[in-house]
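Reproduced below: model_37.txt, with compact mmCIF, C-alpha atoms.
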# COMPACT_ATOMS: atom_id res chain seq x y z
CA MET A 1 -29.54 6.02 13.50
CA ARG A 2 -27.65 7.49 10.58
CA SER A 3 -27.98 5.66 7.29
CA ASP A 4 -25.02 4.08 5.49
CA ARG A 5 -25.46 6.67 2.76
CA ASN A 6 -24.23 9.37 5.12
CA HIS A 7 -21.02 7.40 5.69
CA ARG A 8 -20.15 7.04 2.01
CA ALA A 9 -17.19 9.00 0.72
CA PRO A 10 -17.93 11.80 -1.77
CA LEU A 11 -17.41 10.92 -5.44
CA ALA A 12 -14.63 13.49 -5.80
CA LEU A 13 -12.75 11.87 -2.91
CA LYS A 14 -13.10 8.44 -4.50
CA ILE A 15 -11.77 9.77 -7.81
CA ALA A 16 -8.84 11.45 -6.07
CA ALA A 17 -8.01 8.25 -4.17
CA GLY A 18 -8.17 6.22 -7.38
CA ALA A 19 -5.93 8.71 -9.19
CA GLY A 20 -3.42 8.56 -6.35
CA LEU A 21 -3.33 4.76 -6.43
CA LEU A 22 -2.84 4.77 -10.21
CA PHE A 23 -0.05 7.32 -9.91
CA MET A 24 1.78 5.07 -7.42
CA HIS A 25 1.19 1.68 -9.03
CA VAL A 26 1.11 2.18 -12.82
CA PRO A 27 4.95 2.49 -12.99
CA ILE A 28 5.22 -0.82 -11.12
CA MET A 29 2.79 -2.41 -13.58
CA LEU A 30 4.97 -1.17 -16.45
CA ILE A 31 7.91 -3.09 -14.99
CA PHE A 32 5.91 -6.31 -15.28
CA VAL A 33 4.92 -5.51 -18.86
CA TYR A 34 8.44 -4.64 -20.00
CA ALA A 35 9.79 -7.83 -18.44
CA PHE A 36 8.12 -9.58 -21.39
CA ASN A 37 9.06 -6.99 -24.03
CA VAL A 38 10.37 -8.57 -27.23
CA GLU A 39 12.79 -5.66 -27.75
CA ASP A 40 16.02 -5.92 -25.79
CA ARG A 41 17.34 -2.34 -25.91
CA THR A 42 14.47 0.14 -26.08
CA TYR A 43 11.29 0.99 -24.23
CA GLN A 44 8.28 1.43 -26.50
CA TRP A 45 4.63 1.81 -25.70
CA PRO A 46 2.84 -0.28 -26.53
CA PRO A 47 5.54 -2.96 -26.70
CA PRO A 48 6.00 -4.28 -30.25
CA GLY A 49 5.56 -7.80 -28.93
CA LEU A 50 5.64 -9.97 -25.84
CA THR A 51 7.80 -13.00 -25.10
CA THR A 52 8.76 -15.16 -22.15
CA GLN A 53 12.31 -15.77 -23.36
CA TRP A 54 13.76 -13.27 -20.89
CA LEU A 55 12.73 -15.42 -17.96
CA ALA A 56 15.05 -18.18 -19.20
CA VAL A 57 17.78 -15.68 -20.08
CA THR A 58 17.65 -14.20 -16.58
CA TRP A 59 17.66 -17.65 -14.99
CA ASN A 60 20.88 -18.52 -16.83
CA ARG A 61 22.74 -15.29 -16.00
CA PRO A 62 25.39 -16.08 -13.34
CA ASP A 63 25.84 -12.38 -12.47
CA VAL A 64 22.16 -12.20 -11.48
CA TRP A 65 22.51 -15.21 -9.19
CA GLN A 66 25.67 -13.81 -7.59
CA ALA A 67 23.98 -10.49 -6.86
CA LEU A 68 20.82 -12.22 -5.59
CA THR A 69 22.82 -14.52 -3.31
CA LEU A 70 24.73 -11.58 -1.84
CA SER A 71 21.52 -9.60 -1.26
CA VAL A 72 19.82 -12.51 0.52
CA LYS A 73 22.93 -13.14 2.62
CA VAL A 74 23.29 -9.51 3.65
CA ALA A 75 19.58 -9.11 4.39
CA SER A 76 19.47 -12.30 6.47
CA ILE A 77 22.50 -11.42 8.61
CA SER A 78 21.42 -7.79 9.02
CA THR A 79 17.95 -8.90 10.09
CA ALA A 80 19.38 -11.38 12.63
CA ILE A 81 21.56 -8.66 14.16
CA ALA A 82 18.64 -6.26 14.20
CA MET A 83 16.35 -8.80 15.88
CA VAL A 84 18.76 -9.23 18.79
CA LEU A 85 19.90 -5.63 19.28
CA GLY A 86 16.54 -4.06 18.47
CA THR A 87 14.70 -6.30 20.94
CA LEU A 88 17.25 -5.65 23.70
CA CYS A 89 17.04 -1.89 23.15
CA ALA A 90 13.25 -2.02 23.19
CA ALA A 91 13.20 -4.07 26.39
CA ALA A 92 15.60 -1.67 28.11
CA VAL A 93 13.74 1.48 27.05
CA SER A 94 10.23 0.24 27.77
CA GLY A 95 10.97 -1.86 30.84
CA SER A 96 12.43 0.81 33.09
CA ARG A 97 12.47 4.54 33.69
CA PHE A 98 15.78 6.37 33.88
CA PHE A 99 17.24 9.77 33.10
CA GLY A 100 17.83 10.23 29.37
CA ARG A 101 15.51 7.41 28.29
CA GLU A 102 13.84 9.47 25.57
CA THR A 103 17.23 10.68 24.34
CA ILE A 104 18.41 7.10 23.96
CA SER A 105 15.21 6.24 22.11
CA LEU A 106 15.82 9.15 19.74
CA LEU A 107 19.41 8.03 19.13
CA VAL A 108 18.22 4.51 18.28
CA ILE A 109 15.78 5.72 15.59
CA LEU A 110 18.09 8.46 14.27
CA PRO A 111 19.80 6.34 11.55
CA ILE A 112 16.53 5.83 9.67
CA ALA A 113 15.56 9.49 10.06
CA LEU A 114 18.80 10.72 8.47
CA PRO A 115 19.13 10.81 4.66
CA GLY A 116 20.70 7.60 3.38
CA ILE A 117 23.55 9.46 1.76
CA ILE A 118 24.56 10.93 5.14
CA THR A 119 24.56 7.48 6.71
CA GLY A 120 26.52 6.06 3.79
CA ILE A 121 29.18 8.78 3.83
CA SER A 122 29.61 8.55 7.61
CA LEU A 123 29.97 4.77 7.50
CA ARG A 124 32.44 4.91 4.63
CA SER A 125 34.50 7.50 6.48
CA ALA A 126 34.47 5.38 9.63
CA PHE A 127 35.52 2.22 7.78
CA SER A 128 38.31 4.09 6.01
CA LEU A 129 39.52 5.66 9.25
CA MET A 130 39.65 2.27 10.97
CA GLU A 131 41.20 0.70 7.85
CA ILE A 132 38.40 -1.86 7.56
CA PRO A 133 38.36 -3.33 4.03
CA PHE A 134 35.04 -3.19 2.22
CA SER A 135 33.36 -6.57 2.17
CA THR A 136 30.09 -8.32 2.83
CA TRP A 137 30.44 -7.41 6.50
CA THR A 138 30.69 -3.69 5.84
CA ILE A 139 27.44 -3.92 3.90
CA VAL A 140 25.88 -5.87 6.77
CA LEU A 141 26.96 -3.26 9.31
CA GLY A 142 25.55 -0.50 7.14
CA HIS A 143 22.21 -2.25 6.75
CA ALA A 144 22.02 -3.20 10.41
CA THR A 145 22.02 0.48 11.40
CA PHE A 146 18.55 1.01 9.95
CA CYS A 147 17.23 -2.55 10.34
CA ILE A 148 17.63 -2.21 14.11
CA VAL A 149 15.26 0.77 13.99
CA ILE A 150 12.54 -1.27 12.26
CA VAL A 151 12.70 -4.06 14.83
CA TYR A 152 13.01 -1.58 17.71
CA ASN A 153 9.91 0.38 16.69
CA ASN A 154 7.79 -2.76 16.46
CA ALA A 155 9.13 -4.29 19.67
CA VAL A 156 8.94 -1.15 21.82
CA ALA A 157 5.34 -0.52 20.77
CA ARG A 158 4.39 -4.06 21.77
CA PHE A 159 6.34 -3.89 25.04
CA ARG A 160 4.51 -0.72 25.99
CA ARG A 161 1.15 -2.34 25.27
CA THR A 162 1.94 -5.44 27.33
CA SER A 163 1.03 -5.20 30.99
CA GLY A 164 3.93 -5.49 33.42
CA SER A 165 1.65 -7.29 35.85
CA ILE A 166 1.89 -10.55 33.90
CA VAL A 167 5.68 -10.47 34.23
CA GLU A 168 5.37 -9.83 37.96
CA ALA A 169 2.85 -12.65 38.27
CA SER A 170 5.25 -15.02 36.49
CA MET A 171 8.04 -14.10 38.89
CA ASP A 172 5.73 -14.49 41.89
CA LEU A 173 4.84 -18.00 40.73
CA GLY A 174 8.51 -19.03 40.78
CA ALA A 175 9.58 -18.61 37.17
CA ASP A 176 13.12 -17.44 36.55
CA ALA A 177 14.04 -14.73 34.05
CA PHE A 178 14.52 -17.15 31.15
CA GLN A 179 11.24 -18.95 31.78
CA THR A 180 9.42 -15.64 32.07
CA PHE A 181 10.86 -14.49 28.75
CA ARG A 182 10.11 -17.79 27.00
CA TYR A 183 6.59 -18.44 28.28
CA VAL A 184 5.25 -14.95 29.01
CA ILE A 185 7.10 -12.19 27.20
CA LEU A 186 7.95 -13.92 23.91
CA PRO A 187 4.38 -15.08 23.14
CA ASN A 188 3.21 -11.50 23.60
CA ILE A 189 5.89 -9.82 21.48
CA GLY A 190 6.45 -12.69 19.04
CA THR A 191 4.31 -11.33 16.19
CA ALA A 192 5.83 -7.87 16.60
CA LEU A 193 9.33 -9.32 16.32
CA LEU A 194 8.35 -11.42 13.31
CA VAL A 195 6.82 -8.42 11.58
CA GLY A 196 9.83 -6.25 12.41
CA GLY A 197 12.17 -8.91 11.08
CA MET A 198 10.29 -9.30 7.82
CA LEU A 199 10.11 -5.57 7.23
CA ALA A 200 13.81 -5.22 8.07
CA PHE A 201 14.64 -8.00 5.58
CA ALA A 202 12.60 -6.32 2.86
CA LEU A 203 14.22 -2.95 3.54
CA SER A 204 17.71 -4.42 3.49
CA PHE A 205 17.06 -6.49 0.39
CA ASP A 206 16.32 -3.49 -1.83
CA GLU A 207 18.58 -0.85 -0.20
CA VAL A 208 20.76 1.12 -2.64
CA ILE A 209 22.22 4.33 -1.18
CA VAL A 210 23.97 3.01 1.93
CA THR A 211 25.08 -0.06 -0.02
CA THR A 212 26.75 2.13 -2.64
CA PHE A 213 29.06 3.58 0.00
CA THR A 214 29.81 0.34 1.87
CA ALA A 215 29.97 -2.36 -0.80
CA GLY A 216 33.32 -1.69 -2.42
CA GLN A 217 33.49 -3.79 -5.59
CA GLN A 218 30.65 -6.12 -4.60
CA GLN A 219 27.21 -5.93 -6.17
CA THR A 220 23.97 -6.57 -4.37
CA LEU A 221 20.92 -7.03 -6.54
CA PRO A 222 19.78 -3.36 -6.42
CA ILE A 223 23.32 -2.18 -7.27
CA TRP A 224 23.41 -4.66 -10.16
CA MET A 225 20.09 -3.32 -11.44
CA LEU A 226 21.30 0.26 -11.22
CA GLU A 227 24.42 -0.48 -13.26
CA GLU A 228 22.39 -2.45 -15.81
CA LEU A 229 20.11 0.56 -16.31
CA VAL A 230 23.10 2.88 -16.79
CA ARG A 231 24.84 0.52 -19.24
CA PRO A 232 22.03 -1.68 -20.54
CA ARG A 233 22.78 -4.94 -22.30
CA GLN A 234 19.37 -6.57 -22.11
CA LEU A 235 16.77 -4.24 -20.63
CA PRO A 236 14.06 -6.92 -20.20
CA VAL A 237 16.44 -8.89 -17.94
CA THR A 238 16.63 -5.88 -15.63
CA ASN A 239 12.84 -5.72 -15.57
CA VAL A 240 12.57 -9.44 -14.80
CA VAL A 241 14.91 -8.94 -11.84
CA ALA A 242 12.91 -5.87 -10.78
CA MET A 243 9.77 -8.00 -10.90
CA VAL A 244 11.42 -10.50 -8.55
CA VAL A 245 12.50 -7.70 -6.20
CA VAL A 246 8.95 -6.33 -6.09
CA THR A 247 7.62 -9.78 -5.24
CA VAL A 248 10.26 -10.48 -2.59
CA THR A 249 9.65 -7.07 -1.00
CA LEU A 250 5.85 -7.25 -1.21
CA LEU A 251 5.38 -10.66 0.39
CA PRO A 252 6.89 -9.76 3.81
CA ILE A 253 4.83 -6.56 3.86
CA LEU A 254 1.60 -8.46 3.16
CA ILE A 255 2.41 -11.10 5.77
CA ALA A 256 3.25 -8.37 8.27
CA TYR A 257 -0.06 -6.66 7.57
CA TYR A 258 -2.08 -9.81 8.15
CA LEU A 259 -0.15 -10.69 11.30
CA THR A 260 -0.76 -7.28 12.87
CA ARG A 261 -4.43 -6.82 11.97
CA ASP A 262 -5.44 -8.10 15.40
CA GLY A 263 -2.46 -6.66 17.25
CA ASP A 264 -4.67 -5.00 19.84
CA GLN A 265 -5.28 -8.35 21.51
CA ILE A 266 -2.32 -8.31 23.87
CA ALA A 267 -2.21 -10.29 27.09
CA GLY A 268 -2.66 -8.07 30.10
CA MET A 269 -3.85 -5.03 28.15
CA GLY A 270 -6.07 -2.77 30.14
CA LYS A 271 -5.25 -4.41 33.48
Take the structure in the file and write it out as structure tokens.
Amino acid sequence: MRSDRNHRAPLALKIAAGAGLLFMHVPIMLIFVYAFNVEDRTYQWPPPGLTTQWLAVTWNRPDVWQALTLSVKVASISTAIAMVLGTLCAAAVSGSRFFGRETISLLVILPIALPGIITGISLRSAFSLMEIPFSTWTIVLGHATFCIVIVYNNAVARFRRTSGSIVEASMDLGADAFQTFRYVILPNIGTALLVGGMLAFALSFDEVIVTTFTAGQQQTLPIWMLEELVRPRQLPVTNVVAMVVVTVTLLPILIAYYLTRDGDQIAGMGK
């Protein structure tokens, strides 16, 4: 039997991994530090002082609340649309074999593979051509294009790992299509749908590029942050908002990770 020492990573690899993690996360840590910076117009390191006053200032800024409300509204509606359409697409692609199935699968995931600026320009052109005024719904439609992909990828993977024999057994025992979906299929794909929905919400909540082309005069929270950085009034307020965005984005990802740690335990697998 090989000893545990032989399984340990080399010191150089550990150092490289640590350096990579620092490179990715130190800038995020700086956001949290500067959210408490006593200076309101400049970035200095180390900060000349720390204060919690910007938390109260941010709380009392109506423009922050308007942008936050719009972002939550858009992300919620986009996620709901993605949950329905993404699940239906996944069920159709994984549940039957037909000519062009892989092509359809590629077309479904294409929006997230394309650069965001291409998606944004194409959507803006389409809305202008159809004379659709820019509003909350144009932002929702733009976000739904890539949110569907997130839900689809999670759902289709779970569908393919779920044995079709349990669906056949349910039908043989007299269950109709709705009962089979409710009592057999949904319990098996439920965590995948929940994870896909949370990741789609997080992606929609902090999306910038597509939103820029579909929002018109409205400001979601990321667009508000971008304009505040270009024309800063109170830089710590922007960092406080960024801290909230990091938290809101991180929580669904952590929950999704914990929900899918035991994702290999699927009913009917291996049968």
Nearest residue to Lys73 (chain A) out of A:Ile139, A:Met198, A:Leu226, A:Val184, using only C-alpha atoms?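 Ranked by minimum distance to Lys73 (chain A), first place goes to A:Ile139.
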Which residue is closest to Asp206 (chain A)? Choose from A:Val240, A:Ala192, A:Val72, A:Phe159 and count all atoms listed in the file.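 Ranking A:Val240, A:Ala192, A:Val72, A:Phe159 by distance to Asp206 (chain A), first place goes to A:Val72.
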Kindly provide, as a ChimeraX atom specification, the polymer residues lying within 9 Å of (16.3, -3.6, 1.4), counting only C-alpha atoms and using the coordinates exactly as they appear in the file. /A:71,75,143,199-208,222,249
Polymer residues at most 9 Å from region 108-123 of chain A, all atoms listed in the file, same-chain spacing of 4 or more positions, as an NGL selection string: :A and (86 or 89 or 103-104 or 127-128 or 138 or 141-142 or 145-150 or 152-153 or 208-214)
Between A:Val246, A:Gly216, A:Asn188, A:Ile223, single out the one closest to Pro133 (chain A), counting all atoms listed in the file.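 The answer is A:Gly216, which sits nearest to Pro133 (chain A).
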A straight line from CA of Thr58 (chain A) to CA of Pro236 (chain A) spans 8.9 Å
One decimal, Å: what's the distance from CA of Leu22 (chain A) over to CA of Met225 (chain A), could you say?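 Result for CA of Leu22 (chain A) versus CA of Met225 (chain A): 24.3 Å, one decimal.
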Distance CA of Thr180 (chain A)-CA of Ser94 (chain A), one decimal place?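 These two atoms are separated by 16.5 Å.
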Using only C-alpha atoms, find the one residue out of A:Val237, A:Leu106, A:Met243, A:Ile189 that sits nearest to Arg61 (chain A).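 Checking each candidate against Arg61 (chain A), we get A:Val237 as the closest.
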Which residue gives the smallest distance to Phe134 (chain A) among A:Ala56, A:Val241, A:Leu70, A:Ala215, with all atoms listed in the file counted?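 When distances to Phe134 (chain A) are compared using all atoms listed in the file, the smallest one comes from A:Ala215.
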Which is closer to Val244 (chain A) than all the others in A:Gln179, A:Met24, A:Leu68, A:Pro62, using all atoms listed in the file?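 Closest candidate: A:Leu68.
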Selection as a PDB file with C-alpha atoms, keeping the file's coordinate frame: residues within 8 Å of (9.9, -15.0, -18.6), counting only C-alpha atoms:
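Saved to selection_12.pdb:
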ATOM      1  CA  ALA A  35       9.790  -7.830 -18.440  1.00  0.00           C
ATOM      2  CA  PHE A  36       8.120  -9.580 -21.390  1.00  0.00           C
ATOM      3  CA  THR A  51       7.800 -13.000 -25.100  1.00  0.00           C
ATOM      4  CA  THR A  52       8.760 -15.160 -22.150  1.00  0.00           C
ATOM      5  CA  GLN A  53      12.310 -15.770 -23.360  1.00  0.00           C
ATOM      6  CA  TRP A  54      13.760 -13.270 -20.890  1.00  0.00           C
ATOM      7  CA  LEU A  55      12.730 -15.420 -17.960  1.00  0.00           C
ATOM      8  CA  ALA A  56      15.050 -18.180 -19.200  1.00  0.00           C
ATOM      9  CA  VAL A 240      12.570  -9.440 -14.800  1.00  0.00           C
TER      10      VAL A 240
END
